[in-house]
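Below is the file model.csv, which contains CSV, C-alpha atoms.
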```csv
chain,number,residue,atom,x,y,z
A,300,MET,CA,10.0,33.9,65.6
A,301,THR,CA,13.1,35.4,64.1
A,302,ASP,CA,16.8,35.1,63.3
A,303,GLY,CA,18.6,32.2,61.7
A,304,ASN,CA,16.2,29.3,62.3
A,305,SER,CA,14.0,27.5,59.8
A,306,TRP,CA,10.4,26.9,61.0
A,307,ASP,CA,8.1,24.0,60.2
A,308,PRO,CA,4.7,25.1,61.7
A,309,ASP,CA,3.2,21.7,61.6
A,310,ASP,CA,6.1,20.2,63.5
A,311,TYR,CA,6.1,23.2,65.9
A,312,ASP,CA,2.4,22.6,66.8
A,313,GLU,CA,2.5,18.8,66.9
A,314,GLY,CA,5.8,18.2,68.6
A,315,HIS,CA,6.4,21.3,70.8
A,316,GLY,CA,2.9,22.3,72.0
A,317,PHE,CA,4.4,23.0,75.5
A,318,VAL,CA,5.3,26.5,74.2
A,319,THR,CA,1.6,27.4,73.8
A,320,GLU,CA,0.5,25.6,77.0
A,321,TYR,CA,3.0,27.4,79.2
A,322,GLY,CA,2.0,30.7,77.6
A,323,ARG,CA,-1.6,30.2,78.8
A,324,ASP,CA,-0.3,30.8,82.3
A,325,LEU,CA,1.3,34.1,81.2
A,326,LEU,CA,-2.1,35.3,79.9
A,327,GLU,CA,-3.2,35.5,83.6
A,328,LEU,CA,-0.6,38.3,84.0
A,329,LEU,CA,-1.8,40.0,80.8
A,330,SER,CA,-5.5,39.7,81.9
A,331,PRO,CA,-7.0,40.8,78.6
A,332,GLY,CA,-10.6,41.8,78.3
A,333,PRO,CA,-13.2,43.5,76.2
A,334,GLY,CA,-12.1,46.9,75.0
A,335,ASP,CA,-8.4,46.1,75.2
A,336,ARG,CA,-6.3,46.5,72.0
A,337,VAL,CA,-3.4,44.0,72.2
A,338,LEU,CA,-0.3,43.4,70.1
A,339,ASP,CA,1.0,39.8,70.2
A,340,VAL,CA,4.7,39.9,69.4
A,341,GLY,CA,6.0,36.7,67.8
A,342,CYS,CA,2.6,35.1,67.6
A,343,GLY,CA,3.8,31.9,65.9
A,344,THR,CA,0.9,29.8,64.7
A,345,GLY,CA,-1.5,32.1,66.5
A,346,HIS,CA,-3.0,29.9,69.2
A,347,LEU,CA,-2.4,32.3,72.1
A,348,THR,CA,-3.5,35.2,69.8
A,349,ALA,CA,-6.9,33.4,69.5
A,350,VAL,CA,-7.2,32.9,73.2
A,351,ILE,CA,-6.6,36.7,73.7
A,352,ALA,CA,-9.3,37.3,71.1
A,353,ASP,CA,-11.7,35.0,73.0
A,354,SER,CA,-11.4,37.4,76.0
A,355,GLY,CA,-13.1,40.1,73.9
A,356,ALA,CA,-9.9,42.0,73.2
A,357,ASP,CA,-9.0,43.3,69.7
A,358,VAL,CA,-5.7,41.6,69.0
A,359,VAL,CA,-3.1,41.8,66.2
A,360,GLY,CA,-0.5,39.0,66.0
A,361,ILE,CA,2.8,39.7,64.3
A,362,ASP,CA,5.6,37.3,63.4
A,363,ALA,CA,8.7,37.5,61.3
A,364,ALA,CA,8.3,34.0,59.9
A,365,ALA,CA,6.0,33.9,56.9
A,366,GLU,CA,5.3,30.2,57.3
A,367,MET,CA,4.1,30.8,60.8
A,368,VAL,CA,1.8,33.7,59.8
A,369,ASP,CA,0.3,31.6,57.0
A,370,GLN,CA,-0.5,28.8,59.4
A,371,ALA,CA,-1.9,31.2,62.0
A,372,ARG,CA,-4.2,32.7,59.3
A,373,GLU,CA,-5.4,29.3,58.3
A,374,ALA,CA,-6.0,28.1,61.8
A,375,HIS,CA,-7.6,31.3,63.1
A,376,PRO,CA,-9.2,33.2,60.2
A,377,ASP,CA,-11.1,35.5,62.5
A,378,CYS,CA,-7.9,37.0,64.0
A,379,ALA,CA,-5.6,39.6,62.4
A,380,PHE,CA,-2.1,38.5,61.6
A,381,ARG,CA,0.8,40.4,60.0
A,382,GLN,CA,4.3,39.3,58.9
A,383,ALA,CA,6.5,41.8,60.7
A,384,ASP,CA,9.7,42.0,62.7
A,385,ILE,CA,9.2,43.9,66.0
A,386,ARG,CA,12.5,45.6,65.4
A,387,GLU,CA,11.1,47.4,62.4
A,388,TYR,CA,7.4,47.2,63.0
A,389,GLU,CA,5.3,50.3,62.5
A,390,PRO,CA,2.2,49.9,64.7
A,391,GLU,CA,-1.2,50.5,63.3
A,392,GLY,CA,-2.4,52.8,66.1
A,393,GLU,CA,-1.8,52.4,69.8
A,394,PHE,CA,-2.2,49.3,72.0
A,395,ASP,CA,-3.4,48.9,75.5
A,396,ALA,CA,-1.0,46.0,75.9
A,397,VAL,CA,1.9,44.3,74.2
A,398,PHE,CA,2.3,40.6,74.9
A,399,SER,CA,5.1,38.2,74.0
A,400,ASN,CA,5.7,34.6,74.9
A,401,ALA,CA,8.9,32.6,74.2
A,402,VAL,CA,10.1,34.9,71.5
A,403,LEU,CA,12.4,37.7,72.6
A,404,HIS,CA,15.4,35.5,73.3
A,405,TRP,CA,15.5,34.9,69.5
A,406,ILE,CA,16.5,38.6,69.0
A,407,PRO,CA,20.2,39.4,69.5
A,408,GLY,CA,20.9,41.4,72.7
A,409,PRO,CA,22.1,44.6,70.9
A,410,ALA,CA,18.8,44.8,69.1
A,411,HIS,CA,16.6,44.8,72.2
A,412,ASP,CA,16.8,48.6,72.5
A,413,ALA,CA,15.0,48.8,69.2
A,414,VAL,CA,12.5,46.2,70.4
A,415,LEU,CA,11.8,48.1,73.6
A,416,SER,CA,11.6,51.4,71.9
A,417,THR,CA,9.0,50.1,69.4
A,418,ILE,CA,7.0,48.5,72.3
A,419,ALA,CA,7.0,51.7,74.3
A,420,ASP,CA,6.0,53.8,71.3
A,421,ALA,CA,3.1,51.4,70.6
A,422,LEU,CA,1.6,51.6,74.0
A,423,THR,CA,-1.1,54.0,75.2
A,424,ALA,CA,-0.3,56.2,78.2
A,425,GLU,CA,-1.8,53.5,80.5
A,426,GLY,CA,-0.4,50.6,78.5
A,427,ARG,CA,1.3,47.5,79.8
A,428,PHE,CA,4.0,45.2,78.5
A,429,VAL,CA,3.8,41.5,79.5
A,430,ALA,CA,6.5,39.1,78.3
A,431,GLU,CA,8.2,35.8,79.1
A,432,PHE,CA,11.3,34.5,77.4
A,433,GLY,CA,14.5,32.6,78.1
A,434,GLY,CA,16.4,34.0,81.1
A,435,ARG,CA,20.0,33.7,82.4
A,436,GLY,CA,21.0,30.0,82.3
A,437,ASN,CA,18.2,28.8,80.1
A,438,VAL,CA,19.0,25.4,78.5
A,439,ALA,CA,22.6,25.7,79.7
A,440,ALA,CA,23.2,22.0,80.0
A,441,ILE,CA,22.0,21.4,76.4
A,442,THR,CA,23.9,24.3,74.9
A,443,ASP,CA,27.1,23.4,76.8
A,444,ALA,CA,26.8,19.8,75.5
A,445,LEU,CA,26.3,21.0,71.9
A,446,ALA,CA,29.2,23.4,72.1
A,447,ALA,CA,31.5,20.6,73.5
A,448,GLU,CA,30.6,18.1,70.8
A,449,LEU,CA,31.0,20.7,68.1
A,450,SER,CA,34.3,21.8,69.5
A,451,GLU,CA,35.7,18.3,69.5
A,452,ARG,CA,35.1,18.3,65.7
A,453,GLY,CA,36.7,21.6,65.1
A,454,TYR,CA,33.5,23.8,65.1
A,455,ASP,CA,33.6,27.0,67.2
A,456,ARG,CA,30.0,27.7,68.1
A,457,THR,CA,28.3,29.9,70.8
A,458,GLN,CA,24.7,29.6,71.6
A,459,PRO,CA,22.7,32.0,69.4
A,460,TRP,CA,20.1,33.2,71.9
A,461,TYR,CA,19.9,36.1,74.3
A,462,PHE,CA,19.2,35.0,77.9
A,463,PRO,CA,19.5,38.1,80.2
A,464,SER,CA,19.2,38.3,84.0
A,465,ILE,CA,16.7,40.6,85.7
A,466,GLY,CA,19.6,42.9,86.7
A,467,GLU,CA,20.7,43.2,83.1
A,468,TYR,CA,17.2,43.6,81.5
A,469,ALA,CA,15.4,45.8,84.0
A,470,PRO,CA,17.5,48.9,83.3
A,471,ARG,CA,17.0,48.4,79.5
A,472,VAL,CA,13.2,48.3,80.0
A,473,GLU,CA,13.2,51.4,82.2
A,474,SER,CA,15.5,53.3,79.8
A,475,HIS,CA,12.6,53.3,77.3
A,476,GLY,CA,10.1,55.1,79.6
A,477,LEU,CA,8.6,51.9,81.0
A,478,GLU,CA,8.3,51.2,84.7
A,479,LEU,CA,9.0,47.6,85.7
A,480,ARG,CA,6.3,46.4,88.0
A,481,PHE,CA,7.1,42.7,88.2
A,482,ALA,CA,10.0,40.5,87.2
A,483,ARG,CA,10.8,36.9,88.0
A,484,LEU,CA,13.6,34.6,86.9
A,485,PHE,CA,12.7,31.0,87.6
A,486,ASP,CA,13.5,27.3,86.8
A,487,ARG,CA,10.9,25.5,84.7
A,488,PRO,CA,12.1,22.0,83.8
A,489,THR,CA,10.1,21.2,80.7
A,490,GLY,CA,9.3,17.7,79.5
A,491,LEU,CA,9.9,17.0,75.8
A,492,ASP,CA,7.6,14.9,73.6
A,493,ASP,CA,8.6,11.9,71.5
A,494,GLY,CA,10.3,9.8,74.2
A,495,GLU,CA,13.9,8.8,73.2
A,496,ALA,CA,13.8,11.1,70.2
A,497,GLY,CA,12.7,14.1,72.2
A,498,LEU,CA,16.0,15.9,72.7
A,499,ARG,CA,17.2,15.6,69.1
A,500,ASN,CA,13.8,16.7,67.9
A,501,TRP,CA,14.0,19.7,70.2
A,502,ILE,CA,17.4,20.5,68.8
A,503,GLY,CA,16.1,20.0,65.3
A,504,MET,CA,13.3,22.5,65.8
A,505,PHE,CA,15.3,25.2,67.6
A,506,GLY,CA,19.0,24.7,67.0
A,507,ASP,CA,19.6,25.2,63.3
A,508,GLU,CA,22.4,27.8,63.9
A,509,PHE,CA,24.5,25.2,65.7
A,510,PHE,CA,24.7,23.1,62.6
A,511,ASP,CA,25.5,25.6,59.9
A,512,GLY,CA,28.0,24.0,57.6
A,513,VAL,CA,27.8,20.6,59.4
A,514,GLY,CA,27.2,17.5,57.2
A,515,THR,CA,24.4,15.0,57.8
A,516,ALA,CA,26.6,12.2,59.1
A,517,GLU,CA,28.6,14.5,61.4
A,518,ARG,CA,25.4,16.0,62.7
A,519,GLU,CA,24.2,12.6,63.7
A,520,ALA,CA,27.4,11.9,65.5
A,521,ILE,CA,27.1,15.2,67.4
A,522,LEU,CA,23.5,14.5,68.4
A,523,ASN,CA,24.5,11.0,69.6
A,524,GLY,CA,27.3,12.6,71.7
A,525,VAL,CA,25.0,15.2,73.1
A,526,GLU,CA,22.5,12.6,74.2
A,527,GLU,CA,25.2,10.5,75.9
A,528,ARG,CA,26.5,13.6,77.8
A,529,LEU,CA,23.0,14.6,79.0
A,530,ARG,CA,21.4,11.2,79.5
A,531,PRO,CA,22.4,10.9,83.2
A,532,HIS,CA,21.0,14.3,84.0
A,533,LEU,CA,18.0,15.0,81.6
A,534,PHE,CA,16.6,11.6,80.7
A,535,ASP,CA,14.4,9.6,83.0
A,536,GLU,CA,11.6,7.0,82.6
A,537,GLY,CA,11.8,7.1,78.8
A,538,ALA,CA,11.6,10.9,78.4
A,539,TRP,CA,13.8,13.9,78.2
A,540,THR,CA,13.5,17.1,80.2
A,541,ALA,CA,14.9,20.4,79.0
A,542,ASP,CA,16.6,22.7,81.6
A,543,TYR,CA,14.5,25.8,80.9
A,544,ARG,CA,14.8,29.0,82.9
A,545,ARG,CA,12.4,31.8,82.2
A,546,LEU,CA,12.3,35.5,82.7
A,547,ARG,CA,8.8,36.9,83.2
A,548,LEU,CA,8.0,40.6,83.4
A,549,LEU,CA,5.2,43.2,83.6
A,550,ALA,CA,6.0,46.8,82.8
A,551,ARG,CA,3.7,49.9,82.5
A,552,GLN,CA,4.2,53.2,80.8
A,553,ALA,CA,5.8,55.6,83.3
A,554,GLU,CA,3.1,58.1,82.5
A,555,PHE,CA,0.6,55.7,84.1
A,556,ARG,CA,2.6,55.8,87.3
A,557,SER,CA,2.7,59.6,87.3
A,558,ASP,CA,-1.0,60.0,86.7
A,559,SER,CA,-1.8,57.4,89.4
A,560,SER,CA,0.3,59.2,92.0
A,561,ARG,CA,-1.9,62.2,91.9
A,562,GLU,CA,-5.0,60.3,92.9
```

What does this structure look like when you write it as structure tokens?
Amino acid sequence: MTDGNSWDPDDYDEGHGFVTEYGRDLLELLSPGPGDRVLDVGCGTGHLTAVIADSGADVVGIDAAAEMVDQAREAHPDCAFRQADIREYEPEGEFDAVFSNAVLHWIPGPAHDAVLSTIADALTAEGRFVAEFGGRGNVAAITDALAAELSERGYDRTQPWYFPSIGEYAPRVESHGLELRFARLFDRPTGLDDGEAGLRNWIGMFGDEFFDGVGTAEREAILNGVEERLRPHLFDEGAWTADYRRLRLLARQAEFRSDSSRE
């Protein structure tokens, strides 16, 4: 977790567990096992790191948020966690795989070349990179409603996240010596917990940057306005649904392709 957001690890686990649950599906693409050395980028509170460790892999989880790392260490004392930003991380040896779930969209677009360079350098010659994060159009209805309510009150805000398309991101991946083997951009409507309060709780967890300099009373008015704009489309049977779109990918070191072609 990175860039401009304050994190409450207890609230993150208790009210937004869908992040971890959807990540379990991504682990099938990673397919970790005994003998693998895995780097979990943006490990959060460490639950998926622990699942990777249960496969027999040797895993290191890193996260830029100290409070997340502290919670991960407390919850999973048998796993290795480091407070580190992937843009500046110096890997402790090579890894057979780099894994990242629901994190890379927090890093501004221009910084992704530093991210991908670090990942490529961290991988062994047969290493793989497996990631899922917000893709083009992710939570567009929510961010559009937020921007409109803020604009009506004189605040000029753009959404702070990086949500690329496959066509945009694939060349960036391959420019760092990785061969893209699989990429998919897909809709994943995601039910939010907490009933009527679900949308504002989601914004409260992930949307700090929208409200920089906004007072408490005005914030409440903005949230009320956002709910009214979105209620006809994203609220049904007492629950909110976020309009998620995800970009999922698997890449391998190009050297692995070259070696395999000689067989």

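With only C-alpha atoms as the atoms that count, the residue of A:Ala430, A:Ala439, A:Met504, A:Val402 with the shortest distance to Phe481 (chain A) is A:Ala430.
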
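Between CA of Glu425 (chain A) and CA of Ser354 (chain A) there is a distance of 19.3 Å.
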
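If you measure from each of A:Asp395, A:Glu517, A:Glu495, A:Glu366 to Leu449 (chain A) using all atoms listed in the file, the closest one turns out to be A:Glu517.
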
Test item: residues at most 9 Å from region 419-422 of chain A, all atoms listed in the file, excluding those fewer than 2 positions along its chain, as a short mmCIF file (atom, residue, chain, number, x, y, z; two decimals) with C-alpha atoms, in the coordinates of the input:
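around00.cif, written as the output of this step:
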```
data_model
loop_
_atom_site.label_atom_id
_atom_site.label_comp_id
_atom_site.auth_asym_id
_atom_site.auth_seq_id
_atom_site.Cartn_x
_atom_site.Cartn_y
_atom_site.Cartn_z
CA LEU A 338 -0.30 43.40 70.10
CA GLU A 389 5.30 50.30 62.50
CA PRO A 390 2.20 49.90 64.70
CA GLU A 391 -1.20 50.50 63.30
CA GLY A 392 -2.40 52.80 66.10
CA GLU A 393 -1.80 52.40 69.80
CA PHE A 394 -2.20 49.30 72.00
CA ASP A 395 -3.40 48.90 75.50
CA ALA A 396 -1.00 46.00 75.90
CA VAL A 397 1.90 44.30 74.20
CA VAL A 414 12.50 46.20 70.40
CA LEU A 415 11.80 48.10 73.60
CA SER A 416 11.60 51.40 71.90
CA THR A 417 9.00 50.10 69.40
CA ALA A 424 -0.30 56.20 78.20
CA GLU A 425 -1.80 53.50 80.50
CA GLY A 426 -0.40 50.60 78.50
CA ARG A 427 1.30 47.50 79.80
CA PHE A 428 4.00 45.20 78.50
CA HIS A 475 12.60 53.30 77.30
CA GLY A 476 10.10 55.10 79.60
CA LEU A 477 8.60 51.90 81.00
CA ARG A 551 3.70 49.90 82.50
CA GLN A 552 4.20 53.20 80.80
#
```

Straight-line distance linking CA of Leu529 (chain A) with CA of Glu508 (chain A), stated in Å to one decimal
20.1 Å

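Across the model, the gap from CA of Phe380 (chain A) to CA of Trp460 (chain A) is 25.0 Å.
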
Fewer than 3 positions away in the same chain doesn't count, so skip those; otherwise give me all residues within 10 Å of Leu548 (chain A), counting all atoms listed in the file, as a ChimeraX atom specification.
/A:325,328,428-432,465,468-469,472,479-484,545

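Distance check against Asp486 (chain A) using only C-alpha atoms: of A:Ala364, A:Leu347, A:Cys342, A:Val438, the minimum falls on A:Val438.
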
Using only C-alpha atoms, can you list as a PyMOL selection string the residues within 10 Å of (12.3, 35.2, 75.8)?
chain A and resi 399-406+430-434+437+460-463+544-547

Excluding same-chain residues fewer than 5 positions from Glu373 (chain A), what lies within 10 Å of it counting only C-alpha atoms, as a ChimeraX atom specification?
/A:344-345,367-368,378

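Near Ala538 (chain A), within 8 Å and counting only C-alpha atoms, sit A:Gly490, A:Leu491, A:Asp492, A:Asp493, A:Gly494, A:Glu495, A:Gly497, A:Phe534, A:Asp535, A:Glu536, A:Thr540; same-chain residues fewer than 2 positions away were not included.
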
Within 7 Å of (-8.5, 40.6, 77.7), all atoms listed in the file: residues as a compact mmCIF listing (two decimals) with C-alpha atoms, keeping the file's coordinate frame?
```txt
# COMPACT_ATOMS: atom_id res chain seq x y z
CA SER A 330 -5.50 39.70 81.90
CA PRO A 331 -7.00 40.80 78.60
CA GLY A 332 -10.60 41.80 78.30
CA PRO A 333 -13.20 43.50 76.20
CA ASP A 335 -8.40 46.10 75.20
CA ILE A 351 -6.60 36.70 73.70
CA SER A 354 -11.40 37.40 76.00
CA GLY A 355 -13.10 40.10 73.90
CA ALA A 356 -9.90 42.00 73.20
```

Find, counting all atoms listed in the file, the residue in A:Arg487, A:Pro409, A:Ile418, A:Thr423 that gets nearest to Arg336 (chain A).
A:Thr423
